[in-house]
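Shown below: model_34.cif, with mmCIF, C-alpha atoms.
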data_upload
#
loop_
_atom_site.label_atom_id
_atom_site.label_comp_id
_atom_site.auth_asym_id
_atom_site.auth_seq_id
_atom_site.Cartn_x
_atom_site.Cartn_y
_atom_site.Cartn_z
CA MET A 1429 31.08 -15.91 9.94
CA GLN A 1430 27.50 -14.97 10.67
CA LYS A 1431 25.70 -12.37 8.56
CA ALA A 1432 24.34 -9.32 10.37
CA TYR A 1433 21.17 -9.35 8.33
CA ARG A 1434 18.74 -11.99 7.29
CA GLU A 1435 18.48 -12.74 3.64
CA LYS A 1436 15.01 -12.50 2.23
CA PRO A 1437 13.89 -15.71 0.67
CA GLN A 1438 13.42 -15.21 -3.01
CA ARG A 1439 9.89 -15.77 -4.15
CA ARG A 1440 9.26 -18.00 -7.07
CA LEU A 1441 7.16 -16.56 -9.81
CA TYR A 1442 4.71 -18.97 -11.26
CA ARG A 1443 3.39 -18.23 -14.70
CA LYS A 1444 0.27 -19.89 -15.82
CA LYS A 1445 0.56 -21.22 -19.30
CA ARG A 1446 -2.19 -20.09 -21.58
CA SER A 1447 -4.33 -22.89 -22.76
CA ASP A 1448 -4.83 -23.53 -26.46
CA LEU A 1449 -8.54 -22.78 -26.17
CA ARG A 1450 -7.86 -19.38 -24.61
CA LEU A 1451 -5.36 -18.49 -27.35
CA PHE A 1452 -7.87 -19.55 -30.01
CA ILE A 1453 -10.65 -17.41 -28.47
CA GLU A 1454 -8.33 -14.37 -28.21
CA ALA A 1455 -7.29 -14.79 -31.86
CA ILE A 1456 -10.92 -15.04 -33.05
CA ILE A 1457 -11.91 -11.92 -31.07
CA MET A 1458 -8.95 -9.94 -32.45
CA ILE A 1459 -9.76 -10.97 -36.03
CA PHE A 1460 -13.46 -10.10 -35.53
CA VAL A 1461 -12.67 -6.63 -34.12
CA GLY A 1462 -10.13 -5.94 -36.87
CA MET A 1463 -12.59 -6.90 -39.62
CA SER A 1464 -15.32 -4.78 -38.02
CA LEU A 1465 -13.02 -1.76 -38.01
CA VAL A 1466 -12.11 -2.31 -41.67
CA LEU A 1467 -15.82 -2.51 -42.60
CA PHE A 1468 -16.59 0.62 -40.59
CA LEU A 1469 -13.80 2.58 -42.26
CA ASN A 1470 -14.97 1.34 -45.65
CA SER A 1471 -18.50 2.61 -44.96
CA ILE A 1472 -17.35 6.23 -44.56
CA PRO A 1473 -18.72 8.16 -47.53
CA GLU A 1474 -16.31 9.17 -50.23
CA LYS A 1475 -17.54 12.76 -50.11
CA PHE A 1476 -16.21 13.06 -46.60
CA ILE A 1477 -13.87 16.06 -46.56
CA TRP A 1478 -10.83 15.10 -44.51
CA THR A 1479 -9.19 18.52 -44.52
CA ASP A 1480 -12.20 20.25 -42.97
CA PHE A 1481 -12.56 17.43 -40.46
CA ILE A 1482 -8.90 17.66 -39.44
CA ASN A 1483 -9.00 21.47 -39.24
CA ASP A 1484 -12.14 21.40 -37.07
CA THR A 1485 -10.67 18.69 -34.88
CA TRP A 1486 -7.39 20.59 -34.43
CA THR A 1487 -9.26 23.81 -33.63
CA ASN A 1488 -11.46 22.08 -31.06
CA LEU A 1489 -8.47 20.35 -29.51
CA SER A 1490 -6.48 23.57 -29.19
CA LEU A 1491 -9.48 25.43 -27.73
CA GLY A 1492 -9.92 22.61 -25.23
CA PHE A 1493 -6.30 22.88 -24.11
CA ILE A 1494 -6.63 26.65 -23.76
CA GLN A 1495 -9.74 26.24 -21.60
CA LEU A 1496 -8.00 23.59 -19.53
CA PHE A 1497 -5.01 25.89 -18.95
CA GLN A 1498 -7.29 28.79 -17.96
CA ALA A 1499 -9.20 26.54 -15.55
CA LEU A 1500 -5.95 25.37 -13.95
CA LEU A 1501 -4.85 29.00 -13.53
CA GLN A 1502 -8.15 29.86 -11.86
CA ILE A 1503 -7.86 26.86 -9.54
CA GLY A 1504 -4.31 27.88 -8.65
CA ALA A 1505 -5.39 31.44 -7.93
CA ALA A 1506 -8.26 30.26 -5.75
CA THR A 1507 -6.08 27.87 -3.76
CA SER A 1508 -3.41 30.51 -3.22
CA VAL A 1509 -6.05 32.93 -1.89
CA ILE A 1510 -7.38 30.21 0.44
CA PHE A 1511 -3.87 29.43 1.72
CA LEU A 1512 -3.16 33.12 2.30
CA LEU A 1513 -6.46 33.46 4.17
CA LEU A 1514 -5.59 30.49 6.39
CA LEU A 1515 -2.11 31.92 7.02
CA SER A 1516 -3.57 35.30 8.00
CA ILE A 1517 -6.02 33.65 10.42
CA PHE A 1518 -3.19 31.60 11.92
CA LEU A 1519 -1.02 34.71 12.36
CA LEU A 1520 -3.88 36.70 13.89
CA ILE A 1521 -4.71 33.96 16.39
CA GLY A 1522 -1.02 33.57 17.28
CA GLY A 1523 -0.57 37.30 17.78
CA VAL A 1524 -3.69 37.60 19.96
CA THR A 1525 -2.65 34.68 22.17
CA ARG A 1526 0.82 36.17 22.65
CA ILE A 1527 -0.68 39.52 23.61
CA LEU A 1528 -3.03 37.77 26.06
CA LYS A 1529 -0.03 36.02 27.61
CA LEU A 1530 1.78 39.38 27.99
CA ILE A 1531 -1.11 41.22 29.68
CA PRO A 1532 -0.61 39.64 33.15
CA VAL A 1533 3.14 40.22 32.96
CA ILE A 1534 2.69 43.91 32.09
CA ARG A 1535 0.02 44.45 34.78
CA SER A 1536 2.08 43.12 37.69
CA PRO A 1537 4.45 45.86 38.93
CA PHE A 1538 6.61 43.40 40.85
CA SER A 1539 8.29 40.27 39.61
CA ILE A 1540 9.61 37.48 41.76
CA ASN A 1541 13.34 36.87 41.53
CA LYS A 1542 13.55 33.07 41.60
CA ASN A 1543 17.17 32.96 42.73
CA LYS A 1544 16.85 35.10 45.89
CA SER A 1545 13.09 34.93 46.61
CA THR A 1546 12.92 38.71 46.92
CA TYR A 1547 10.64 41.06 45.07
CA LYS A 1548 12.05 43.48 42.54
CA GLN A 1549 10.20 46.32 40.99
CA ARG A 1550 10.10 46.22 37.18
CA ASN A 1551 11.70 49.10 35.36
#
Output the file's structure as structure tokens, nothing else.
Amino acid sequence: MQKAYREKPQRRLYRKKRSDLRLFIEAIIMIFVGMSLVLFLNSIPEKFIWTDFINDTWTNLSLGFIQLFQALLQIGAATSVIFLLLLSIFLLIGGVTRILKLIPVIRSPFSINKNKSTYKQRN
């Protein structure tokens, strides 16, 4: 029995093994960065007031989120006005073109009857 579809050949994934030198370099870099962070944190003065720092940070963060939300509302309002303006232009152009198409039909007092090729007066 023949299959109606062709099976996709499965691709083989080749993983490169990390060399011992690369692992050693990564380990040294991680240890160096970790020790630098410990030394930096140790150099913070003891008179540093954590509560004021955390309160100021939380206040700044909340004010930033409020400003972000207000900016997103303003962007949404502006885009909705732009979309409404584009829709109104589209509707105006469509209405004017339809009226221009109707003007010749309204002006002609007679219309041709296509079935009998006689002229009929419009009512």
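Distance-wise, CA of Leu1465 (chain A) and CA of Asp1480 (chain A) end up 22.6 Å apart.
CA of Leu1496 (chain A) to CA of Ser1508 (chain A) spans 18.3 Å [interatomic distance, one decimal].
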In Å, with one decimal, what is the gap from CA of Asn1488 (chain A) to CA of Leu1500 (chain A)?
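Distance reported for this atom pair: 18.3 Å.
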